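Below is one structure, written out as structure tokens; the observations come after it.
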2 protein chains.
Amino acid sequence: MNNFTFYNPVKILFGKGQISAIAKEIPADARVMMTYGGGSIKKNGVYEQVMAALQNHTVLEFGNIEPNPHYETLMQAVDIAKRQKIDFVLAVGGGSVIDGTKFIVAAMAYEGEDPWDLLAKHAPVQAAVPFGTVLTLPGTGSEMNASAVITRVATKEKFSFGSPHTFPKFSVLDPETTFTLPPRQISNGVVDAFTHVLEQYLTYPVNAPLQDRMAEAVLLTLREEGPKALLAPKNYDVMANIMWSAAMALNGVIRVGVPTDWATHYIGHELTALHGIDHARTLAVVLPALLRYKSGTKKEKLLQYGERVWGVSAGTEDERLEATLQATISFFESMDIKTKLTDYEVGEDTIKTIVGRLEERGMKNLGERADIQVTDVEKILEMSL
Amino acid sequence: MNNFTFYNPVKILFGKGQISAIAKEIPADARVMMTYGGGSIKKNGVYEQVMAALQNHTVLEFGNIEPNPHYETLMQAVDIAKRQKIDFVLAVGGGSVIDGTKFIVAAMAYEGEDPWDLLAKHAPVQAAVPFGTVLTLPGTGSEMNASAVITRVATKEKFSFGSPHTFPKFSVLDPETTFTLPPRQISNGVVDAFTHVLEQYLTYPVNAPLQDRMAEAVLLTLREEGPKALLAPKNYDVMANIMWSAAMALNGVIRVGVPTDWATHYIGHELTALHGIDHARTLAVVLPALLRYKSGTKKEKLLQYGERVWGVSAGTEDERLEATLQATISFFESMDIKTKLTDYEVGEDTIKTIVGRLEERGMKNLGERADIQVTDVEKILEMSL
């Protein structure tokens, strides 16, 4: 096991009715900015629950944060929040709203010249305005970690940042808030969470059997519950299990002491930035190709994953590796998510564009062993056509 | 899944060499009291490492905290610490030193008349002096939670308490600090951690498959690594896996949203209070009898536990239940821990004494369903003779 530091102070309020508890978690005299997305919270009752809970607070609203939240939009929120002397932000929505809010609270407290530096130059976050979240779309895990991914529309760039200052003070996870999600968002959430686990699990072994099994615990649960959610999206227990699995997938618990990869995410971000393909769908495209390309160096964990998660135990090593990849692809497809670039009408041209962008940006080598160069990215994308 | 709140802000510094990092975690101007036990840390190099790390801090020592830490001893530390204006406490040791330190820091800040009320009357902890830990003996999990168990010698009473104020600010888990542990303490630690998991896992099902599998992940790891540790106590990876398993067993992660039991612990505490039997050994005695006594209402999880942890899948339900209990007992015995009261020269007399004490105390019903009465405790203890 590798040395590690683990720290996660997010308070989780899980279960039906928990939105009413937020009033106690936000200072009574706080001036609150409530951030949200396209307005689905005004149709499913979440907005009313939040407003009822905050009836004794001063609340300002900032809506219309888009999927893959835009730097340009978020900077508008920063301006308003500073002018209105906001001292607590409440994100109500999915990963995009929460990620966007992390940037808002860090940018509000940023003392440098240009908050874009937090993303493009990894300028350190020295402080942030406190914030909480009410999650309505499980998947990204943003509700229980300190990281965020932000897109700049003008330059079609997508960067991540994070800091101990950008942990939510609390997050409400009420499975009932997910009952009106469209199937596409349930699919995305399950595949996103599943891939988060694989990024931290399908890496070279370091004798960390507990972390392996905890990762497998999340994978097995998503494997079982994901397809159920498409059939019965108002089944409380199913959505509760998915919601908690997605949080556990990226709250740091399964990552401690083991190498992580994240090349799939890095490559996937390019596809979203260029073509607006849903984040989870880019992962479902890139991951199988990357695993096949790297099946030599990832062999030990791939075989373990195949056996423990998919019951693949018969055949030669090569046969088992192939069966494991096929099981993963079938799972994504069973969640109604296509796994080929061409399914999204993306072709060779885009691969060339991405290669050019990565070269221009001076991309550092990717992956658990930092051995994936731009030429490897090109090959992986070609395998995913 | 049941509603839950999860909050665990303990910062974990895991791995070899991490003791040197504590200086950065303790305010530079803090007056530090270092608490420890019988002095093993002065023989195994841990004391020197801590002192080297704190060379620029003012450090006062308070040693000789005993196993099952005594209220009487701890109150001496409280007096000294208050007189010396201590504002940070560093616990260096195992669960007893850490538990004792939790009481010290809560009692230092207690504004009521008698700090014993924190234990006997569950007086709320309103504040505590901040503290950190350097763990040298994995097992209790105290390094990553807010609870403590304290014994009052004068009355032979053993009570627990806890509060969000009694989380350690940080805990160092360096597996190398365990290399000189006597086998008895390794055995105790593994069986203690294993039983912690069972108290939270062998309860009625609430459709929480992720929590089940995470509990099984800890059990399987302890099952594999525990016996290895007795054979190779200086194997870094083995001790690292045990150390992290013991922390994960009782940091709240596997407990969220599921019923817990803790009757075994409650009954076991009586045996320690009356006869000084090691905590883990009392659990190994009480648990098998309690599981047999409650095998009707615990059947579903017992069968799942048998199958997933011990590979018990053949036979009738009754045969599988018995095989599962026998596998558990064999595991404890393989860790050199006896599982019968008579192995510890305890007999009917003690059972009578315990029954009398529990009646006198007005014991509330125990267990996951709060249906274990004093007469049930008597039967369980008789089954464990």
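Ordering of the structure tokens sets the chain letters (A, B, ...), residue numbers begin anew at 1 in every chain, and ligands are numbered from 1 in the order given.
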
Could the residues of chain A that have an atom at most 8 Å from chain B be listed as a Markdown table, each with its closest atom pair and the distance in Å to one decimal, counting only C-alpha atoms and ordered by chain and ascending residue number?
| residue | atom | partner | partner_atom | distance |
| --- | --- | --- | --- | --- |
| A:Met1 | CA | B:Asp237 | CA | 6.4 |
| A:Asn2 | CA | B:Gly15 | CA | 7.1 |
| A:Asn3 | CA | B:Gly15 | CA | 4.4 |
| A:Phe4 | CA | B:Phe14 | CA | 5.2 |
| A:Thr5 | CA | B:Leu13 | CA | 4.7 |
| A:Phe6 | CA | B:Ile12 | CA | 4.9 |
| A:Tyr7 | CA | B:Lys11 | CA | 4.6 |
| A:Asn8 | CA | B:Pro9 | CA | 5.8 |
| A:Pro9 | CA | B:Pro9 | CA | 4.2 |
| A:Val10 | CA | B:Tyr7 | CA | 6.4 |
| A:Lys11 | CA | B:Tyr7 | CA | 4.5 |
| A:Ile12 | CA | B:Phe6 | CA | 4.9 |
| A:Leu13 | CA | B:Thr5 | CA | 4.7 |
| A:Phe14 | CA | B:Phe4 | CA | 5.2 |
| A:Gly15 | CA | B:Asn3 | CA | 4.4 |
| A:Lys16 | CA | B:Asn3 | CA | 7.0 |
| A:Asn207 | CA | B:Asp237 | CA | 6.8 |
| A:Ala208 | CA | B:Asn241 | CA | 6.6 |
| A:Pro209 | CA | B:Thr221 | CA | 6.4 |
| A:Leu210 | CA | B:Thr221 | CA | 5.9 |
| A:Arg213 | CA | B:Ala217 | CA | 5.2 |
| A:Met214 | CA | B:Met214 | CA | 5.5 |
| A:Ala217 | CA | B:Arg213 | CA | 5.2 |
| A:Val218 | CA | B:Leu210 | CA | 6.2 |
| A:Thr221 | CA | B:Leu210 | CA | 5.9 |
| A:Asp237 | CA | B:Met1 | CA | 6.4 |
| A:Ala240 | CA | B:Met1 | CA | 7.0 |
| A:Asn241 | CA | B:Ala208 | CA | 6.6 |
| A:Ser245 | CA | B:Leu210 | CA | 6.9 |

Can you pull out every residue within 7 Å of segment 128-134 of chain A, counting only C-alpha atoms, but drop anything in the same chain fewer than 3 positions away, and send it as a list in words?
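Those residues are Asp87, Phe88, Val89, Leu90, Ala91, Val92, Gly93, Ile98, Val105, Ala106, Met108, Ala109, Glu143, His165, Thr166, Pro168, Lys169, Phe170, Ser171, Val172 and Leu173 of chain A.
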
Any chance you could export the current selection's C-alpha atoms as a PDB file, in the first residue's frame?
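Final file, selection.pdb:
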ATOM      1  CA  ASP A  87     -21.606  34.708   2.525  1.00  0.00           C
ATOM      2  CA  PHE A  88     -23.046  31.241   1.915  1.00  0.00           C
ATOM      3  CA  VAL A  89     -23.833  29.498  -1.365  1.00  0.00           C
ATOM      4  CA  LEU A  90     -26.259  26.607  -1.690  1.00  0.00           C
ATOM      5  CA  ALA A  91     -25.928  24.512  -4.843  1.00  0.00           C
ATOM      6  CA  VAL A  92     -29.142  22.690  -5.766  1.00  0.00           C
ATOM      7  CA  GLY A  93     -28.710  20.305  -8.662  1.00  0.00           C
ATOM      8  CA  ILE A  98     -22.085  21.742  -7.726  1.00  0.00           C
ATOM      9  CA  VAL A 105     -16.982  30.227  -4.034  1.00  0.00           C
ATOM     10  CA  ALA A 106     -13.268  29.964  -4.813  1.00  0.00           C
ATOM     11  CA  MET A 108     -15.318  35.009  -4.820  1.00  0.00           C
ATOM     12  CA  ALA A 109     -12.441  34.701  -2.352  1.00  0.00           C
ATOM     13  CA  GLU A 143     -21.352  16.406  -3.571  1.00  0.00           C
ATOM     14  CA  HIS A 165     -11.347  24.837   0.837  1.00  0.00           C
ATOM     15  CA  THR A 166     -13.826  23.594  -1.760  1.00  0.00           C
ATOM     16  CA  PRO A 168     -19.105  21.328   0.687  1.00  0.00           C
ATOM     17  CA  LYS A 169     -19.926  21.987   4.359  1.00  0.00           C
ATOM     18  CA  PHE A 170     -22.843  19.597   3.903  1.00  0.00           C
ATOM     19  CA  SER A 171     -24.646  17.739   1.178  1.00  0.00           C
ATOM     20  CA  VAL A 172     -28.239  16.562   1.224  1.00  0.00           C
ATOM     21  CA  LEU A 173     -28.773  13.308  -0.648  1.00  0.00           C
TER      22      LEU A 173
END

Which residues in segment 3-206 of chain B does DSSP call strand (DSSP E or B)? List them as JSON, numbers by chain.
{"B": [4, 5, 6, 11, 12, 13, 14, 31, 32, 33, 34, 35, 58, 59, 60, 61, 62, 70, 88, 89, 90, 91, 92, 93, 131, 132, 133, 134, 135, 147, 148, 149, 150, 151, 152, 157, 158, 159, 160, 161, 162, 170, 171, 172, 173]}

Any chance you could export the current selection's C-alpha atoms as an mmCIF file, in the first residue's frame?
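Output contents, as saved in selection.cif:
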data_model
loop_
_atom_site.group_PDB
_atom_site.id
_atom_site.type_symbol
_atom_site.label_atom_id
_atom_site.label_comp_id
_atom_site.auth_asym_id
_atom_site.auth_seq_id
_atom_site.Cartn_x
_atom_site.Cartn_y
_atom_site.Cartn_z
ATOM 1 C CA PHE B 4 -28.514 8.755 8.060
ATOM 2 C CA THR B 5 -26.058 11.527 8.846
ATOM 3 C CA PHE B 6 -22.409 10.885 8.099
ATOM 4 C CA LYS B 11 -7.395 13.666 8.711
ATOM 5 C CA ILE B 12 -5.499 10.414 8.230
ATOM 6 C CA LEU B 13 -1.754 10.448 7.604
ATOM 7 C CA PHE B 14 -0.998 6.886 6.587
ATOM 8 C CA ARG B 31 1.403 23.820 24.562
ATOM 9 C CA VAL B 32 1.200 20.090 23.918
ATOM 10 C CA MET B 33 0.469 17.291 26.358
ATOM 11 C CA MET B 34 1.609 13.936 25.023
ATOM 12 C CA THR B 35 -0.340 11.025 26.473
ATOM 13 C CA THR B 58 6.457 22.827 24.207
ATOM 14 C CA VAL B 59 5.670 19.248 25.189
ATOM 15 C CA LEU B 60 4.558 17.889 28.541
ATOM 16 C CA GLU B 61 4.273 14.121 29.052
ATOM 17 C CA PHE B 62 1.551 12.116 30.736
ATOM 18 C CA HIS B 70 -9.221 4.512 34.265
ATOM 19 C CA PHE B 88 -3.340 20.526 22.341
ATOM 20 C CA VAL B 89 -3.133 16.876 23.349
ATOM 21 C CA LEU B 90 -1.298 14.222 21.352
ATOM 22 C CA ALA B 91 -2.253 10.631 22.119
ATOM 23 C CA VAL B 92 0.491 8.136 21.233
ATOM 24 C CA GLY B 93 -0.590 4.544 21.629
ATOM 25 C CA PHE B 131 -6.105 16.565 19.945
ATOM 26 C CA GLY B 132 -4.376 14.281 17.483
ATOM 27 C CA THR B 133 -3.176 10.696 17.642
ATOM 28 C CA VAL B 134 -0.252 8.526 16.659
ATOM 29 C CA LEU B 135 -1.632 5.004 16.534
ATOM 30 C CA SER B 147 -16.174 7.564 20.730
ATOM 31 C CA ALA B 148 -14.411 6.334 23.837
ATOM 32 C CA VAL B 149 -14.934 3.757 26.562
ATOM 33 C CA ILE B 150 -13.751 4.580 30.080
ATOM 34 C CA THR B 151 -13.584 2.435 33.224
ATOM 35 C CA ARG B 152 -14.071 3.625 36.787
ATOM 36 C CA GLU B 157 -18.095 0.454 35.777
ATOM 37 C CA LYS B 158 -17.298 0.834 32.088
ATOM 38 C CA PHE B 159 -19.147 3.505 30.102
ATOM 39 C CA SER B 160 -18.862 5.018 26.654
ATOM 40 C CA PHE B 161 -19.286 8.555 25.405
ATOM 41 C CA GLY B 162 -18.659 10.555 22.252
ATOM 42 C CA PHE B 170 -5.504 14.020 12.729
ATOM 43 C CA SER B 171 -4.285 10.474 13.194
ATOM 44 C CA VAL B 172 -0.971 9.055 12.057
ATOM 45 C CA LEU B 173 -1.194 5.407 11.028
#

From the options B:Ala246, B:Val258, B:Ala193, B:Ala273, which residue's atoms come nearest to Ala154 of chain B, counting only C-alpha atoms?
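For Ala154 of chain B, the nearest of the given residues is B:Ala273.
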
Considering only C-alpha atoms, can you say which of B:His196, B:Val377, B:Met239, B:Arg369 comes closest to Val286 of chain B?
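The answer is B:Val377, which sits nearest to Val286 of chain B.
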
Give me the residues near Thr260 of chain B as JSON, numbers by chain, where near means some atom within 10 Å (using only C-alpha atoms) and where sequence neighbours in that chain fewer than 2 positions away do not count.
{"B": [196, 197, 198, 199, 200, 201, 202, 203, 204, 255, 256, 257, 258, 262, 263, 367, 368, 369]}

May I have the residues from that selection written out with N, CA and C atoms, as a PDB file, in the first residue's frame?
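Contents of the output file out15.pdb:
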ATOM      1  N   HIS B 196     -16.219  -5.539  15.443  1.00  0.00           N
ATOM      2  CA  HIS B 196     -16.848  -4.242  15.152  1.00  0.00           C
ATOM      3  C   HIS B 196     -17.673  -4.321  13.867  1.00  0.00           C
ATOM      4  N   VAL B 197     -17.108  -4.957  12.866  1.00  0.00           N
ATOM      5  CA  VAL B 197     -17.846  -5.055  11.600  1.00  0.00           C
ATOM      6  C   VAL B 197     -19.116  -5.880  11.794  1.00  0.00           C
ATOM      7  N   LEU B 198     -18.987  -7.011  12.472  1.00  0.00           N
ATOM      8  CA  LEU B 198     -20.169  -7.877  12.626  1.00  0.00           C
ATOM      9  C   LEU B 198     -21.288  -7.175  13.403  1.00  0.00           C
ATOM     10  N   GLU B 199     -20.926  -6.325  14.348  1.00  0.00           N
ATOM     11  CA  GLU B 199     -21.955  -5.598  15.111  1.00  0.00           C
ATOM     12  C   GLU B 199     -22.785  -4.680  14.195  1.00  0.00           C
ATOM     13  N   GLN B 200     -22.192  -4.262  13.090  1.00  0.00           N
ATOM     14  CA  GLN B 200     -22.872  -3.329  12.199  1.00  0.00           C
ATOM     15  C   GLN B 200     -23.443  -4.016  10.953  1.00  0.00           C
ATOM     16  N   TYR B 201     -23.099  -5.278  10.777  1.00  0.00           N
ATOM     17  CA  TYR B 201     -23.414  -5.991   9.532  1.00  0.00           C
ATOM     18  C   TYR B 201     -24.424  -7.113   9.763  1.00  0.00           C
ATOM     19  N   LEU B 202     -24.294  -7.825  10.889  1.00  0.00           N
ATOM     20  CA  LEU B 202     -25.201  -8.951  11.151  1.00  0.00           C
ATOM     21  C   LEU B 202     -26.471  -8.446  11.828  1.00  0.00           C
ATOM     22  N   THR B 203     -27.209  -7.639  11.079  1.00  0.00           N
ATOM     23  CA  THR B 203     -28.460  -7.064  11.568  1.00  0.00           C
ATOM     24  C   THR B 203     -29.503  -7.256  10.473  1.00  0.00           C
ATOM     25  N   TYR B 204     -30.743  -6.876  10.770  1.00  0.00           N
ATOM     26  CA  TYR B 204     -31.778  -7.168   9.764  1.00  0.00           C
ATOM     27  C   TYR B 204     -31.544  -6.360   8.483  1.00  0.00           C
ATOM     28  N   ARG B 255     -21.454   1.740   8.584  1.00  0.00           N
ATOM     29  CA  ARG B 255     -22.626   1.803   9.465  1.00  0.00           C
ATOM     30  C   ARG B 255     -23.778   2.623   8.886  1.00  0.00           C
ATOM     31  N   VAL B 256     -23.477   3.469   7.895  1.00  0.00           N
ATOM     32  CA  VAL B 256     -24.503   4.413   7.451  1.00  0.00           C
ATOM     33  C   VAL B 256     -25.743   3.696   6.926  1.00  0.00           C
ATOM     34  N   GLY B 257     -26.897   4.151   7.365  1.00  0.00           N
ATOM     35  CA  GLY B 257     -28.159   3.676   6.792  1.00  0.00           C
ATOM     36  C   GLY B 257     -28.557   2.260   7.145  1.00  0.00           C
ATOM     37  N   VAL B 258     -27.840   1.617   8.060  1.00  0.00           N
ATOM     38  CA  VAL B 258     -28.198   0.245   8.433  1.00  0.00           C
ATOM     39  C   VAL B 258     -28.356   0.161   9.955  1.00  0.00           C
ATOM     40  N   TRP B 262     -24.485  -4.019  18.743  1.00  0.00           N
ATOM     41  CA  TRP B 262     -23.642  -3.621  19.888  1.00  0.00           C
ATOM     42  C   TRP B 262     -23.978  -4.315  21.196  1.00  0.00           C
ATOM     43  N   ALA B 263     -24.878  -5.297  21.177  1.00  0.00           N
ATOM     44  CA  ALA B 263     -25.157  -6.020  22.424  1.00  0.00           C
ATOM     45  C   ALA B 263     -23.925  -6.796  22.879  1.00  0.00           C
ATOM     46  N   GLY B 367     -29.436  -4.586  21.601  1.00  0.00           N
ATOM     47  CA  GLY B 367     -29.464  -5.241  20.305  1.00  0.00           C
ATOM     48  C   GLY B 367     -30.147  -4.434  19.226  1.00  0.00           C
ATOM     49  N   GLU B 368     -30.032  -4.915  18.005  1.00  0.00           N
ATOM     50  CA  GLU B 368     -30.556  -4.207  16.832  1.00  0.00           C
ATOM     51  C   GLU B 368     -32.053  -3.936  16.930  1.00  0.00           C
ATOM     52  N   ARG B 369     -32.781  -4.832  17.622  1.00  0.00           N
ATOM     53  CA  ARG B 369     -34.234  -4.656  17.759  1.00  0.00           C
ATOM     54  C   ARG B 369     -34.628  -4.261  19.181  1.00  0.00           C
TER      55      ARG B 369
END

I'd like to know which of B:Met383, B:Ala146, B:Ala327, B:Leu137 is closest to Thr101 of chain B, using only C-alpha atoms.
B:Ala146

Report, in Å with one decimal, the straight-line distance from atom CA of Gly95 of chain B to atom CA of Phe194 of chain B.
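One can read the atom CA of Gly95 of chain B to atom CA of Phe194 of chain B distance as 15.1 Å.
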